[in-house]
file upload-v3.txt (compact mmCIF, C-alpha atoms)
# COMPACT_ATOMS: atom_id res chain seq x y z
CA MET A 1 -29.40 3.39 -3.41
CA SER A 2 -30.24 7.04 -4.06
CA ARG A 3 -29.90 7.67 -0.32
CA ASP A 4 -26.44 6.02 -0.44
CA PHE A 5 -25.53 8.18 -3.37
CA ALA A 6 -26.61 11.29 -1.49
CA ILE A 7 -24.36 10.28 1.42
CA ILE A 8 -21.38 9.80 -0.90
CA TRP A 9 -22.13 13.13 -2.56
CA ALA A 10 -22.35 14.88 0.80
CA HIS A 11 -19.03 13.39 1.92
CA LEU A 12 -17.23 13.71 -1.36
CA ASP A 13 -14.60 15.81 0.39
CA VAL A 14 -13.54 12.77 2.47
CA LEU A 15 -12.96 10.76 -0.70
CA LEU A 16 -11.24 13.67 -2.44
CA ASP A 17 -8.95 14.18 0.56
CA GLY A 18 -8.07 10.50 0.31
CA LEU A 19 -7.49 10.86 -3.42
CA ILE A 20 -5.22 13.87 -2.91
CA ASN A 21 -3.24 11.95 -0.28
CA THR A 22 -2.92 8.94 -2.58
CA VAL A 23 -1.73 11.13 -5.45
CA TRP A 24 0.67 13.09 -3.25
CA LEU A 25 2.05 9.90 -1.71
CA SER A 26 2.47 8.31 -5.15
CA VAL A 27 4.12 11.36 -6.71
CA ALA A 28 6.53 11.90 -3.81
CA SER A 29 7.53 8.26 -3.55
CA GLY A 30 7.63 7.97 -7.35
CA VAL A 31 10.10 10.85 -7.63
CA LEU A 32 12.22 9.40 -4.81
CA ALA A 33 12.08 5.93 -6.40
CA PHE A 34 13.06 7.43 -9.76
CA PHE A 35 16.32 8.81 -8.39
CA GLY A 36 16.80 5.80 -6.10
CA GLY A 37 16.34 3.57 -9.14
CA GLY A 38 18.97 5.52 -11.06
CA LEU A 39 21.38 5.07 -8.18
CA ILE A 40 20.61 1.35 -7.94
CA ALA A 41 21.08 0.94 -11.70
CA THR A 42 24.61 2.36 -11.44
CA GLY A 43 25.19 -0.15 -8.62
CA LEU A 44 23.91 -2.99 -10.81
CA VAL A 45 26.36 -2.17 -13.58
CA ALA A 46 29.25 -1.09 -11.31
CA ARG A 47 32.80 -2.17 -12.16
CA GLN A 48 33.56 -3.46 -8.65
CA ARG A 49 32.23 -6.97 -8.25
CA LEU A 50 31.34 -6.46 -4.57
CA THR A 51 29.14 -3.42 -5.30
CA ARG A 52 27.49 -5.23 -8.18
CA TRP A 53 26.73 -8.34 -6.15
CA THR A 54 25.44 -6.60 -3.02
CA THR A 55 23.11 -4.44 -5.13
CA ARG A 56 21.95 -7.52 -7.03
CA VAL A 57 21.17 -9.45 -3.81
CA LEU A 58 19.32 -6.45 -2.33
CA VAL A 59 17.30 -5.83 -5.50
CA ASP A 60 16.43 -9.52 -5.94
CA SER A 61 15.31 -9.98 -2.35
CA MET A 62 13.20 -6.83 -2.66
CA ARG A 63 11.62 -8.21 -5.82
CA CYS A 64 10.79 -11.48 -4.06
CA ALA A 65 9.08 -9.75 -1.14
CA PRO A 66 5.45 -8.61 -1.36
CA PHE A 67 5.14 -4.86 -0.84
CA LEU A 68 3.03 -5.27 2.31
CA LEU A 69 5.70 -7.45 3.92
CA PHE A 70 8.31 -4.85 3.09
CA ALA A 71 6.12 -2.05 4.46
CA TYR A 72 5.75 -4.01 7.69
CA VAL A 73 9.53 -4.55 7.89
CA ILE A 74 9.99 -0.77 7.72
CA TYR A 75 7.03 -0.11 10.03
CA TYR A 76 8.16 -2.47 12.78
CA GLY A 77 11.85 -2.66 11.91
CA LEU A 78 12.85 1.01 12.02
CA PRO A 79 11.77 1.52 15.66
CA SER A 80 14.07 -1.39 16.62
CA PHE A 81 16.92 0.75 15.33
CA GLY A 82 15.67 3.73 17.32
CA VAL A 83 14.13 5.49 14.30
CA ARG A 84 10.57 6.65 14.99
CA LEU A 85 8.56 7.94 12.07
CA SER A 86 4.91 8.75 11.53
CA ASN A 87 2.80 6.22 9.62
CA TRP A 88 2.70 8.62 6.70
CA ARG A 89 6.49 8.87 6.46
CA THR A 90 6.87 5.13 7.01
CA GLY A 91 4.53 4.50 4.09
CA LEU A 92 6.30 7.02 1.90
CA ILE A 93 9.73 5.54 2.62
CA ALA A 94 8.51 1.97 2.12
CA LEU A 95 6.94 2.87 -1.25
CA ALA A 96 10.03 4.77 -2.36
CA ILE A 97 12.61 2.12 -1.41
CA TYR A 98 10.55 -0.82 -2.66
CA ASN A 99 9.93 0.75 -6.04
CA SER A 100 13.53 1.96 -6.34
CA ALA A 101 14.53 -1.68 -6.76
CA TYR A 102 12.04 -2.16 -9.61
CA MET A 103 12.99 1.11 -11.30
CA GLY A 104 16.67 0.18 -10.94
CA GLU A 105 15.91 -2.98 -12.90
CA VAL A 106 14.03 -0.95 -15.53
CA PHE A 107 16.95 1.46 -16.02
CA ARG A 108 19.52 -1.34 -16.10
CA GLY A 109 17.48 -3.31 -18.65
CA VAL A 110 17.00 -0.31 -20.92
CA TRP A 111 20.63 0.73 -20.57
CA ALA A 112 21.82 -2.75 -21.53
CA GLU A 113 19.64 -2.71 -24.66
CA LEU A 114 21.07 0.64 -25.81
CA PRO A 115 22.65 0.33 -29.28
CA ARG A 116 26.45 0.39 -29.06
CA GLU A 117 26.84 2.56 -32.18
CA ALA A 118 25.44 5.70 -30.57
CA ILE A 119 27.70 5.30 -27.57
CA GLU A 120 30.78 4.76 -29.71
CA ALA A 121 29.81 7.67 -31.94
CA GLY A 122 29.45 9.82 -28.82
CA HIS A 123 32.94 8.88 -27.72
CA ALA A 124 34.25 9.50 -31.21
CA PHE A 125 32.83 13.02 -31.13
CA GLY A 126 34.76 13.62 -27.92
CA PHE A 127 31.87 13.46 -25.45
CA HIS A 128 32.89 12.25 -22.03
CA GLY A 129 31.92 12.37 -18.37
CA LEU A 130 28.70 14.07 -17.35
CA THR A 131 28.04 15.69 -20.75
CA PHE A 132 28.37 12.29 -22.39
CA PHE A 133 25.88 10.82 -19.94
CA ARG A 134 23.44 13.74 -20.25
CA ARG A 135 23.57 14.12 -24.03
CA ILE A 136 24.16 10.58 -25.30
CA ILE A 137 22.99 8.07 -22.69
CA LEU A 138 20.12 9.78 -20.93
CA PRO A 139 17.78 10.76 -23.83
CA PRO A 140 17.40 7.28 -25.38
CA VAL A 141 17.29 5.62 -21.95
CA MET A 142 14.49 7.93 -20.83
CA GLU A 143 12.54 7.40 -24.03
CA ALA A 144 12.77 3.61 -23.85
CA ALA A 145 12.05 3.60 -20.13
CA THR A 146 8.97 5.86 -20.29
CA PRO A 147 6.31 3.14 -20.81
CA LEU A 148 7.94 0.94 -18.16
CA LEU A 149 8.12 3.86 -15.74
CA GLY A 150 4.44 4.51 -16.45
CA ASN A 151 3.64 0.92 -15.50
CA GLN A 152 5.68 1.31 -12.34
CA ALA A 153 3.85 4.53 -11.49
CA ILE A 154 0.54 2.65 -11.74
CA GLN A 155 2.04 -0.04 -9.53
CA ILE A 156 2.97 2.61 -6.95
CA VAL A 157 -0.57 4.00 -6.92
CA LYS A 158 -1.95 0.50 -6.37
CA ASP A 159 0.66 -0.41 -3.76
CA SER A 160 -0.21 2.74 -1.82
CA ALA A 161 -3.68 1.27 -1.20
CA LEU A 162 -2.05 -1.37 1.02
CA LEU A 163 -0.86 1.37 3.36
CA THR A 164 -4.42 1.52 4.65
CA ILE A 165 -3.36 -1.43 6.84
CA ILE A 166 -0.90 0.79 8.72
CA ALA A 167 -3.55 3.52 8.90
CA VAL A 168 -2.15 5.91 6.31
CA PRO A 169 -5.10 8.17 5.37
CA GLU A 170 -5.13 7.44 1.63
CA LEU A 171 -8.05 6.76 -0.73
CA THR A 172 -8.87 3.18 0.30
CA HIS A 173 -8.68 4.22 3.93
CA ALA A 174 -11.13 7.07 3.27
CA ALA A 175 -13.50 4.75 1.40
CA ASN A 176 -13.28 2.21 4.20
CA SER A 177 -14.12 4.76 6.86
CA LEU A 178 -17.09 6.06 4.81
CA ALA A 179 -18.25 2.50 4.24
CA ASN A 180 -18.09 1.69 7.94
CA THR A 181 -19.58 4.93 9.22
CA TYR A 182 -22.65 5.02 6.97
CA PHE A 183 -22.74 1.35 6.00
CA ILE A 184 -22.55 2.06 2.29
CA PRO A 185 -19.73 -0.33 1.30
CA PHE A 186 -20.81 -0.75 -2.31
CA LEU A 187 -20.87 2.88 -3.37
CA ALA A 188 -17.95 3.93 -1.17
CA PHE A 189 -15.57 1.31 -2.59
CA LEU A 190 -16.99 1.67 -6.08
CA ALA A 191 -16.23 5.40 -5.94
CA ALA A 192 -12.69 4.60 -4.75
CA VAL A 193 -12.20 2.09 -7.58
CA ALA A 194 -13.44 4.67 -10.10
CA LEU A 195 -11.00 7.26 -8.73
CA TYR A 196 -8.08 4.79 -8.95
CA TRP A 197 -9.12 4.07 -12.51
CA LEU A 198 -9.11 7.79 -13.27
CA VAL A 199 -5.59 8.20 -11.83
CA CYS A 200 -4.31 5.26 -13.89
CA LEU A 201 -5.94 6.59 -17.07
CA VAL A 202 -4.22 9.95 -16.46
CA ILE A 203 -0.85 8.20 -16.06
CA GLU A 204 -1.42 6.18 -19.25
CA GLY A 205 -2.41 9.35 -21.08
CA ALA A 206 0.70 11.15 -19.85
CA VAL A 207 2.93 8.30 -21.03
CA ALA A 208 1.28 8.30 -24.46
CA LEU A 209 1.73 12.07 -24.68
CA ALA A 210 5.41 11.90 -23.64
CA LEU A 211 6.09 9.20 -26.25
CA ARG A 212 4.37 11.21 -28.97
CA ARG A 213 6.46 14.25 -28.04
CA ALA A 214 9.65 12.18 -28.17
CA GLN A 215 8.66 10.82 -31.59
CA ALA A 216 7.94 14.31 -32.87
CA LYS A 217 11.35 15.56 -31.74
CA ARG A 218 13.12 13.03 -33.96
CA MET B 219 14.27 -22.92 17.17
CA ILE B 220 14.57 -22.00 13.50
CA LEU B 221 15.73 -18.48 12.59
CA GLY B 222 15.03 -17.53 16.19
CA LEU B 223 11.39 -18.67 16.00
CA SER B 224 9.77 -21.01 18.52
CA GLY B 225 8.05 -24.27 17.53
CA PRO B 226 4.45 -22.99 17.59
CA ASP B 227 5.49 -19.90 15.62
CA VAL B 228 7.05 -22.05 12.93
CA LEU B 229 3.87 -24.11 12.86
CA SER B 230 1.61 -21.09 12.45
CA LEU B 231 3.88 -19.78 9.68
CA LEU B 232 3.66 -23.14 7.90
CA ARG B 233 -0.14 -23.09 8.20
CA ALA B 234 -0.06 -19.60 6.68
CA VAL B 235 2.07 -20.93 3.82
CA GLY B 236 -0.83 -23.30 3.11
CA ALA B 237 -3.24 -20.36 2.97
CA THR B 238 -0.96 -18.28 0.72
CA LEU B 239 -0.43 -21.21 -1.65
CA ALA B 240 -4.11 -22.20 -1.70
CA ILE B 241 -5.27 -18.64 -2.40
CA SER B 242 -2.69 -17.95 -5.08
CA LEU B 243 -3.09 -21.32 -6.82
CA ALA B 244 -6.89 -21.12 -6.76
CA SER B 245 -6.91 -17.59 -8.16
CA ILE B 246 -4.40 -18.56 -10.85
CA ALA B 247 -6.47 -21.63 -11.78
CA ILE B 248 -9.59 -19.45 -12.16
CA GLY B 249 -7.95 -16.30 -13.51
CA CYS B 250 -5.85 -17.84 -16.27
CA PRO B 251 -8.71 -19.41 -18.30
CA LEU B 252 -10.95 -16.46 -17.45
CA GLY B 253 -8.32 -14.15 -18.92
CA LEU B 254 -8.21 -16.28 -22.06
CA GLY B 255 -11.98 -15.97 -22.34
CA VAL B 256 -11.82 -12.19 -22.01
CA ALA B 257 -9.02 -12.01 -24.60
CA LEU B 258 -11.02 -14.18 -26.99
CA LEU B 259 -14.06 -11.91 -26.63
CA ARG B 260 -11.89 -9.03 -27.82
CA TRP B 261 -10.09 -11.04 -30.47
CA ALA B 262 -13.30 -12.34 -32.01
CA LYS B 263 -14.60 -8.73 -32.00
CA ILE B 264 -17.98 -9.86 -30.65
CA PRO B 265 -20.22 -6.80 -30.84
CA GLY B 266 -21.19 -5.41 -27.45
CA LEU B 267 -19.03 -7.85 -25.53
CA ALA B 268 -15.64 -6.89 -27.00
CA PRO B 269 -15.74 -3.25 -25.80
CA LEU B 270 -17.09 -4.47 -22.47
CA ALA B 271 -14.09 -6.78 -22.15
CA ALA B 272 -11.77 -3.85 -22.95
CA VAL B 273 -13.35 -1.74 -20.20
CA TYR B 274 -13.16 -4.68 -17.78
CA VAL B 275 -9.43 -5.11 -18.41
CA SER B 276 -8.68 -1.39 -18.09
CA LEU B 277 -10.72 -1.00 -14.90
CA VAL B 278 -9.54 -4.12 -13.09
CA ARG B 279 -5.88 -3.53 -13.99
CA ALA B 280 -6.13 -0.10 -12.37
CA CYS B 281 -7.81 -1.45 -9.26
CA PRO B 282 -5.75 -2.11 -6.09
CA ALA B 283 -6.34 -5.62 -4.76
CA ALA B 284 -7.13 -4.39 -1.25
CA THR B 285 -9.84 -2.00 -2.53
CA LEU B 286 -11.44 -4.57 -4.84
CA GLY B 287 -11.29 -7.14 -2.02
CA LEU B 288 -13.12 -4.83 0.38
CA LEU B 289 -15.68 -3.97 -2.31
CA LEU B 290 -16.46 -7.64 -2.99
CA PHE B 291 -16.29 -8.79 0.62
CA PHE B 292 -18.83 -6.23 1.82
CA THR B 293 -21.00 -6.03 -1.28
CA LEU B 294 -21.52 -9.68 -2.25
CA PRO B 295 -23.48 -10.43 0.96
CA MET B 296 -25.77 -7.48 0.14
CA ALA B 297 -26.51 -9.22 -3.16
CA GLY B 298 -27.43 -12.33 -1.23
CA ILE B 299 -24.14 -14.15 -1.80
CA THR B 300 -22.45 -15.04 1.48
CA VAL B 301 -18.69 -15.33 1.17
CA ASP B 302 -16.01 -15.96 3.77
CA ALA B 303 -12.79 -13.97 3.70
CA VAL B 304 -10.79 -16.65 1.88
CA THR B 305 -13.37 -17.03 -0.90
CA ALA B 306 -13.65 -13.26 -1.29
CA GLY B 307 -9.84 -13.11 -1.46
CA ILE B 308 -9.70 -15.81 -4.13
CA ILE B 309 -12.40 -14.09 -6.22
CA THR B 310 -10.57 -10.75 -5.91
CA LEU B 311 -7.20 -12.08 -6.98
CA ALA B 312 -8.75 -14.25 -9.70
CA LEU B 313 -10.44 -11.17 -11.20
CA ILE B 314 -7.23 -9.13 -11.04
CA THR B 315 -5.02 -11.82 -12.53
CA SER B 316 -7.63 -12.50 -15.23
CA ALA B 317 -7.32 -8.90 -16.42
CA PHE B 318 -3.53 -9.11 -16.62
CA ASN B 319 -3.70 -12.58 -18.19
CA ALA B 320 -6.18 -11.27 -20.75
CA GLU B 321 -3.57 -8.77 -21.96
CA ILE B 322 -0.95 -11.53 -22.21
CA TRP B 323 -3.26 -13.80 -24.21
CA ARG B 324 -4.36 -10.88 -26.37
CA ALA B 325 -0.78 -9.97 -27.24
CA ALA B 326 -0.15 -13.57 -28.32
CA LEU B 327 -3.40 -13.64 -30.32
CA LEU B 328 -2.56 -10.38 -32.08
CA ALA B 329 0.87 -11.72 -32.99
CA PHE B 330 -0.62 -14.96 -34.33
CA PRO B 331 0.21 -15.41 -38.03
CA LYS B 332 -2.87 -14.86 -40.23
CA ASP B 333 -1.70 -17.27 -42.93
CA GLN B 334 -2.02 -20.21 -40.54
CA LEU B 335 -5.63 -19.30 -39.82
CA GLU B 336 -6.33 -19.06 -43.53
CA ALA B 337 -4.61 -22.40 -44.14
CA ALA B 338 -6.76 -24.01 -41.43
CA LEU B 339 -9.82 -22.45 -43.01
CA ALA B 340 -8.74 -23.72 -46.43
CA VAL B 341 -8.61 -27.33 -45.22
CA GLY B 342 -12.12 -26.89 -43.85
CA MET B 343 -11.48 -26.66 -40.10
CA ARG B 344 -14.32 -25.26 -38.08
CA ARG B 345 -13.83 -22.43 -35.59
CA GLY B 346 -13.59 -24.65 -32.48
CA LEU B 347 -11.23 -27.14 -34.05
CA ARG B 348 -9.12 -24.34 -35.52
CA PHE B 349 -8.69 -22.80 -32.10
CA ARG B 350 -8.02 -26.07 -30.29
CA LEU B 351 -5.52 -27.54 -32.75
CA ILE B 352 -3.88 -24.55 -34.40
CA VAL B 353 -4.18 -21.39 -32.33
CA PHE B 354 -4.21 -22.47 -28.68
CA PRO B 355 -1.05 -24.65 -28.60
CA GLN B 356 0.95 -21.82 -30.17
CA ILE B 357 -0.37 -18.91 -28.12
CA LEU B 358 0.11 -21.02 -24.98
CA ARG B 359 3.75 -21.54 -25.89
CA ALA B 360 4.24 -17.86 -26.70
CA SER B 361 2.52 -16.66 -23.51
CA LEU B 362 4.12 -19.08 -21.09
CA PRO B 363 6.95 -16.84 -19.80
CA ALA B 364 4.60 -13.89 -19.29
CA LEU B 365 1.97 -16.12 -17.65
CA PHE B 366 4.48 -17.45 -15.14
CA ASN B 367 5.69 -13.92 -14.50
CA GLU B 368 2.12 -12.97 -13.70
CA MET B 369 1.81 -15.98 -11.37
CA THR B 370 4.73 -14.81 -9.25
CA TYR B 371 3.09 -11.36 -9.14
CA MET B 372 -0.05 -13.08 -7.91
CA VAL B 373 1.85 -14.76 -5.07
CA LYS B 374 3.22 -11.37 -4.07
CA LEU B 375 -0.27 -9.88 -4.21
CA THR B 376 -1.79 -12.39 -1.75
CA PRO B 377 -0.93 -10.28 1.35
CA ALA B 378 -3.41 -7.68 0.06
CA VAL B 379 -6.29 -9.92 1.14
CA ALA B 380 -5.06 -9.53 4.72
CA VAL B 381 -7.43 -6.51 4.82
CA LEU B 382 -10.25 -9.06 4.79
CA GLY B 383 -8.78 -10.87 7.79
CA VAL B 384 -7.16 -13.79 5.97
CA VAL B 385 -4.06 -15.07 7.77
CA ASP B 386 -1.48 -15.49 5.04
CA VAL B 387 2.30 -15.60 5.46
CA THR B 388 2.68 -11.82 5.86
CA ARG B 389 -0.17 -11.56 8.35
CA ALA B 390 1.16 -14.56 10.33
CA ALA B 391 4.60 -12.95 10.48
CA VAL B 392 3.09 -9.69 11.77
CA ARG B 393 1.16 -11.60 14.44
CA ILE B 394 4.24 -13.48 15.62
CA GLY B 395 6.25 -10.28 15.68
CA ALA B 396 3.55 -8.53 17.69
CA SER B 397 3.37 -11.28 20.30
CA THR B 398 7.12 -11.86 20.70
CA TYR B 399 8.08 -8.14 20.41
CA ARG B 400 10.80 -9.22 18.01
CA PRO B 401 9.46 -8.47 14.54
CA LEU B 402 12.56 -9.13 12.47
CA PRO B 403 12.91 -12.95 12.79
CA PRO B 404 9.38 -13.72 11.51
CA PHE B 405 9.76 -11.12 8.75
CA LEU B 406 13.01 -12.67 7.62
CA ALA B 407 11.37 -16.11 7.70
CA ALA B 408 8.47 -14.75 5.61
CA LEU B 409 10.93 -13.24 3.15
CA VAL B 410 12.66 -16.62 2.79
CA ILE B 411 9.27 -18.34 2.31
CA TYR B 412 8.25 -15.95 -0.49
CA GLY B 413 11.69 -16.36 -2.04
CA VAL B 414 11.26 -20.15 -2.07
CA ILE B 415 7.74 -19.93 -3.55
CA VAL B 416 8.91 -17.55 -6.30
CA PHE B 417 11.89 -19.83 -6.95
CA VAL B 418 9.59 -22.85 -7.32
CA PHE B 419 7.47 -20.95 -9.86
CA VAL B 420 10.57 -19.99 -11.83
CA GLN B 421 11.65 -23.65 -11.88
CA ALA B 422 8.16 -24.75 -12.92
CA GLN B 423 8.35 -22.24 -15.75
CA ARG B 424 11.63 -23.75 -16.92
CA ILE B 425 10.13 -27.26 -16.91
CA ALA B 426 6.94 -26.14 -18.67
CA GLU B 427 8.93 -24.25 -21.31
CA ARG B 428 11.09 -27.30 -21.95
CA ARG B 429 8.00 -29.51 -22.31
CA LEU B 430 6.30 -27.14 -24.75
CA GLY B 431 9.48 -26.03 -26.43
CA SER B 432 8.88 -22.34 -25.69
CA HIS B 433 12.59 -21.78 -25.25
CA ILE B 434 13.08 -22.58 -28.93
CA ILE B 435 10.39 -20.11 -29.97
CA GLY B 436 11.73 -17.57 -27.54
CA ARG B 437 15.16 -17.83 -29.06
CA ARG B 438 13.91 -17.47 -32.59
CA VAL B 439 11.87 -14.32 -32.01

call {"tool": "encode", "arguments": {"input": "upload-v3.txt", "output": "structure tokens"}}
result
Amino acid sequence: MSRDFAIIWAHLDVLLDGLINTVWLSVASGVLAFFGGGLIATGLVARQRLTRWTTRVLVDSMRCAPFLLFAYVIYYGLPSFGVRLSNWRTGLIALAIYNSAYMGEVFRGVWAELPREAIEAGHAFGFHGLTFFRRIILPPVMEAATPLLGNQAIQIVKDSALLTIIAVPELTHAANSLANTYFIPFLAFLAAVALYWLVCLVIEGAVALALRRAQAKR
Amino acid sequence: MILGLSGPDVLSLLRAVGATLAISLASIAIGCPLGLGVALLRWAKIPGLAPLAAVYVSLVRACPAATLGLLLFFTLPMAGITVDAVTAGIITLALITSAFNAEIWRAALLAFPKDQLEAALAVGMRRGLRFRLIVFPQILRASLPALFNEMTYMVKLTPAVAVLGVVDVTRAAVRIGASTYRPLPPFLAALVIYGVIVFVFVQAQRIAERRLGSHIIGRRV
């Protein structure tokens, strides 16, 4: 066991590279999914029935599909349309689009729960258009959505582990290659699990901090 | 020809549906009571075990299914326990769903009215009886929607065990696509299959809620 530990220690850079890739992949796709989700939410509450229904069907079918299936659809499907992307970009796009649907649902749900009084008061004070959205709608939506977005961020980190199947060099992939090269599966995967745990604890801590800040502002 | 798939392809997809259903149902059947056990350890504040249960939940909830699956699949044999890919997959998903279920049960336990417990104590009910007759029926009713939600998540998590070599619906679809060079028909078929499975779970939830009367509780809260 101590020999295994020495191997892990000596190749810590492999794991850390994997960790950095996982974090980078999660952050980039999370940011994309955040804006994609906002866009989808406006589609879900659109006035035109056609827009509303097409977005609904797309979001619901996305939420029925397992992420891996969706990643494969992108991985094998895009080349059929003449689009060739690296595995890395394929993974990034799959993560971003898939989670956009979930974030869209989060935003729509929070938006629908928003108390009417504040909105009416905003109108009464003459707010309209973009200022109205930025000053009246956005702050409470963001506050209510923060814990849910945190959960989704954790989901993105965990989903990114599946990209090891299409050979994206993230943390699980790094652990797997260490495990296979030196035959130390236990410590290699245990280290990976510990690192995922760390990332999730950081996300949970950030959410708690953001909520405390929002409470203090009141 | 269904959805542009040949007969043997449809057959292999159907066999994969069996694998997906077996793995998800087995892991739900193990994970749900296991989660209740973990939640009870925390609720009863058993010294030593309660904090351990908290760490277990936090760690396993943060753990990707593929990573945990690989860890178990390669490590259990080193501990002298031989497991095939399907068993390792079931254990993995059961552990993961137990952690999420534990949080669901715990939320219901924390929301459980204290006065009822005291009333049960006042009429002389022992701990086991109190739990079986007073607490469990009510927390089950309160947790039902969240538990079913978690079950559909579990179905969507089954493809993760493909890293162990299990041929589930997603893996079967990939194989068909790779051999026919037309990936979209099997993927669409797989999408429909998952949609149907999720739909069945949602219907089952409706029936279970009607039986237990959760919809009434849900409306009141």

call {"tool": "closest_atom_pairs", "arguments": {"input": "upload-v3.txt", "of": "range 365-420 of chain B", "to": "range 245-252 of chain B", "cutoff": "12 Å", "atoms": "all atoms listed in the file", "output": "CSV"}}
result
residue,atom,partner,partner_atom,distance
B:Leu365,CA,B:Cys250,CA,8.1
B:Phe366,CA,B:Ile246,CA,9.9
B:Asn367,CA,B:Ile246,CA,11.7
B:Glu368,CA,B:Ile246,CA,9.0
B:Met369,CA,B:Ile246,CA,6.7
B:Thr370,CA,B:Ile246,CA,10.0
B:Tyr371,CA,B:Ile246,CA,10.5
B:Met372,CA,B:Ile246,CA,7.6
B:Val373,CA,B:Ile246,CA,9.3
B:Leu375,CA,B:Ser245,CA,10.9
B:Thr376,CA,B:Ser245,CA,9.7

call {"tool": "interface_residues", "arguments": {"input": "upload-v3.txt", "of": "chain A", "to": "chain B", "cutoff": "10 Å", "atoms": "all atoms listed in the file", "output": "PyMOL selection string"}}
result
chain A and resi 60-70+72-77+80+154-165+171-173+175-176+179+183-190+192-201

call {"tool": "residues_around", "arguments": {"input": "upload-v3.txt", "residues": "Arg213 in chain A", "least_positions_apart": "6", "cutoff": "12 Å", "atoms": "all atoms listed in the file", "output": "ChimeraX atom specification"}}
result
/A:143,146,206-207

call {"tool": "atom_distance", "arguments": {"input": "upload-v3.txt", "atom1": "CA of Ala257 in chain B", "atom2": "CA of Leu339 in chain B"}}
result
21.2 Å

call {"tool": "atom_distance", "arguments": {"input": "upload-v3.txt", "atom1": "CA of Pro269 in chain B", "atom2": "CA of Thr305 in chain B"}}
result
28.6 Å

call {"tool": "residues_around", "arguments": {"input": "upload-v3.txt", "residues": "Arg108 in chain A", "least_positions_apart": "2", "cutoff": "10 Å", "atoms": "all atoms listed in the file", "output": "short mmCIF file (atom, residue, chain, number, x, y, z; two decimals) with C-alpha atoms, in the frame of the given file"}}
result
data_model
loop_
_atom_site.label_atom_id
_atom_site.label_comp_id
_atom_site.auth_asym_id
_atom_site.auth_seq_id
_atom_site.Cartn_x
_atom_site.Cartn_y
_atom_site.Cartn_z
CA GLY A 37 16.34 3.57 -9.14
CA GLY A 38 18.97 5.52 -11.06
CA ILE A 40 20.61 1.35 -7.94
CA ALA A 41 21.08 0.94 -11.70
CA THR A 42 24.61 2.36 -11.44
CA GLY A 43 25.19 -0.15 -8.62
CA LEU A 44 23.91 -2.99 -10.81
CA VAL A 45 26.36 -2.17 -13.58
CA TYR A 102 12.04 -2.16 -9.61
CA MET A 103 12.99 1.11 -11.30
CA GLY A 104 16.67 0.18 -10.94
CA GLU A 105 15.91 -2.98 -12.90
CA VAL A 106 14.03 -0.95 -15.53
CA VAL A 110 17.00 -0.31 -20.92
CA TRP A 111 20.63 0.73 -20.57
CA ALA A 112 21.82 -2.75 -21.53
CA GLU A 113 19.64 -2.71 -24.66
CA VAL A 141 17.29 5.62 -21.95
CA ALA A 145 12.05 3.60 -20.13
#

call {"tool": "residues_around", "arguments": {"input": "upload-v3.txt", "residues": "Ile8 in chain A", "least_positions_apart": "2", "cutoff": "9 Å", "atoms": "all atoms listed in the file", "output": "list in words"}}
result
Arg3, Asp4, Phe5, Ala6, Ala10, His11, Leu12, Leu15, Leu178, Ile184, Leu187, Ala188 and Ala191 of chain A

call {"tool": "atom_distance", "arguments": {"input": "upload-v3.txt", "atom1": "CA of Leu232 in chain B", "atom2": "CA of Arg393 in chain B"}}
result
13.5 Å

call {"tool": "residues_around", "arguments": {"input": "upload-v3.txt", "residues": "Ala214 in chain A", "least_positions_apart": "6", "cutoff": "10 Å", "atoms": "all atoms listed in the file", "output": "VMD selection string"}}
result
chain A and resid 139 to 140 142 to 143 208

call {"tool": "decode", "arguments": {"input": "upload-v3.txt", "residues": "range 292-300 of chain B", "atoms": "N, CA and C atoms", "output": "PDB file, in the first residue's frame"}}
result
ATOM      1  N   PHE B 292     -12.719  -2.581  -9.726  1.00  0.00           N
ATOM      2  CA  PHE B 292     -11.333  -3.021  -9.704  1.00  0.00           C
ATOM      3  C   PHE B 292     -10.812  -3.310  -8.299  1.00  0.00           C
ATOM      4  N   THR B 293     -11.487  -2.731  -7.288  1.00  0.00           N
ATOM      5  CA  THR B 293     -10.966  -2.887  -5.937  1.00  0.00           C
ATOM      6  C   THR B 293     -11.577  -4.070  -5.198  1.00  0.00           C
ATOM      7  N   LEU B 294     -12.866  -4.334  -5.411  1.00  0.00           N
ATOM      8  CA  LEU B 294     -13.510  -5.447  -4.702  1.00  0.00           C
ATOM      9  C   LEU B 294     -12.778  -6.784  -4.910  1.00  0.00           C
ATOM     10  N   PRO B 295     -12.359  -7.102  -6.155  1.00  0.00           N
ATOM     11  CA  PRO B 295     -11.624  -8.363  -6.330  1.00  0.00           C
ATOM     12  C   PRO B 295     -10.336  -8.410  -5.516  1.00  0.00           C
ATOM     13  N   MET B 296      -9.688  -7.233  -5.320  1.00  0.00           N
ATOM     14  CA  MET B 296      -8.460  -7.202  -4.522  1.00  0.00           C
ATOM     15  C   MET B 296      -8.762  -7.532  -3.074  1.00  0.00           C
ATOM     16  N   ALA B 297     -10.008  -7.251  -2.644  1.00  0.00           N
ATOM     17  CA  ALA B 297     -10.405  -7.579  -1.277  1.00  0.00           C
ATOM     18  C   ALA B 297     -10.960  -8.999  -1.206  1.00  0.00           C
ATOM     19  N   GLY B 298     -10.824  -9.731  -2.310  1.00  0.00           N
ATOM     20  CA  GLY B 298     -11.259 -11.120  -2.298  1.00  0.00           C
ATOM     21  C   GLY B 298     -12.718 -11.318  -2.687  1.00  0.00           C
ATOM     22  N   ILE B 299     -13.386 -10.221  -3.099  1.00  0.00           N
ATOM     23  CA  ILE B 299     -14.784 -10.347  -3.505  1.00  0.00           C
ATOM     24  C   ILE B 299     -14.843 -10.254  -5.031  1.00  0.00           C
ATOM     25  N   THR B 300     -15.179 -11.366  -5.681  1.00  0.00           N
ATOM     26  CA  THR B 300     -15.258 -11.316  -7.143  1.00  0.00           C
ATOM     27  C   THR B 300     -16.636 -10.823  -7.548  1.00  0.00           C
TER      28      THR B 300
END
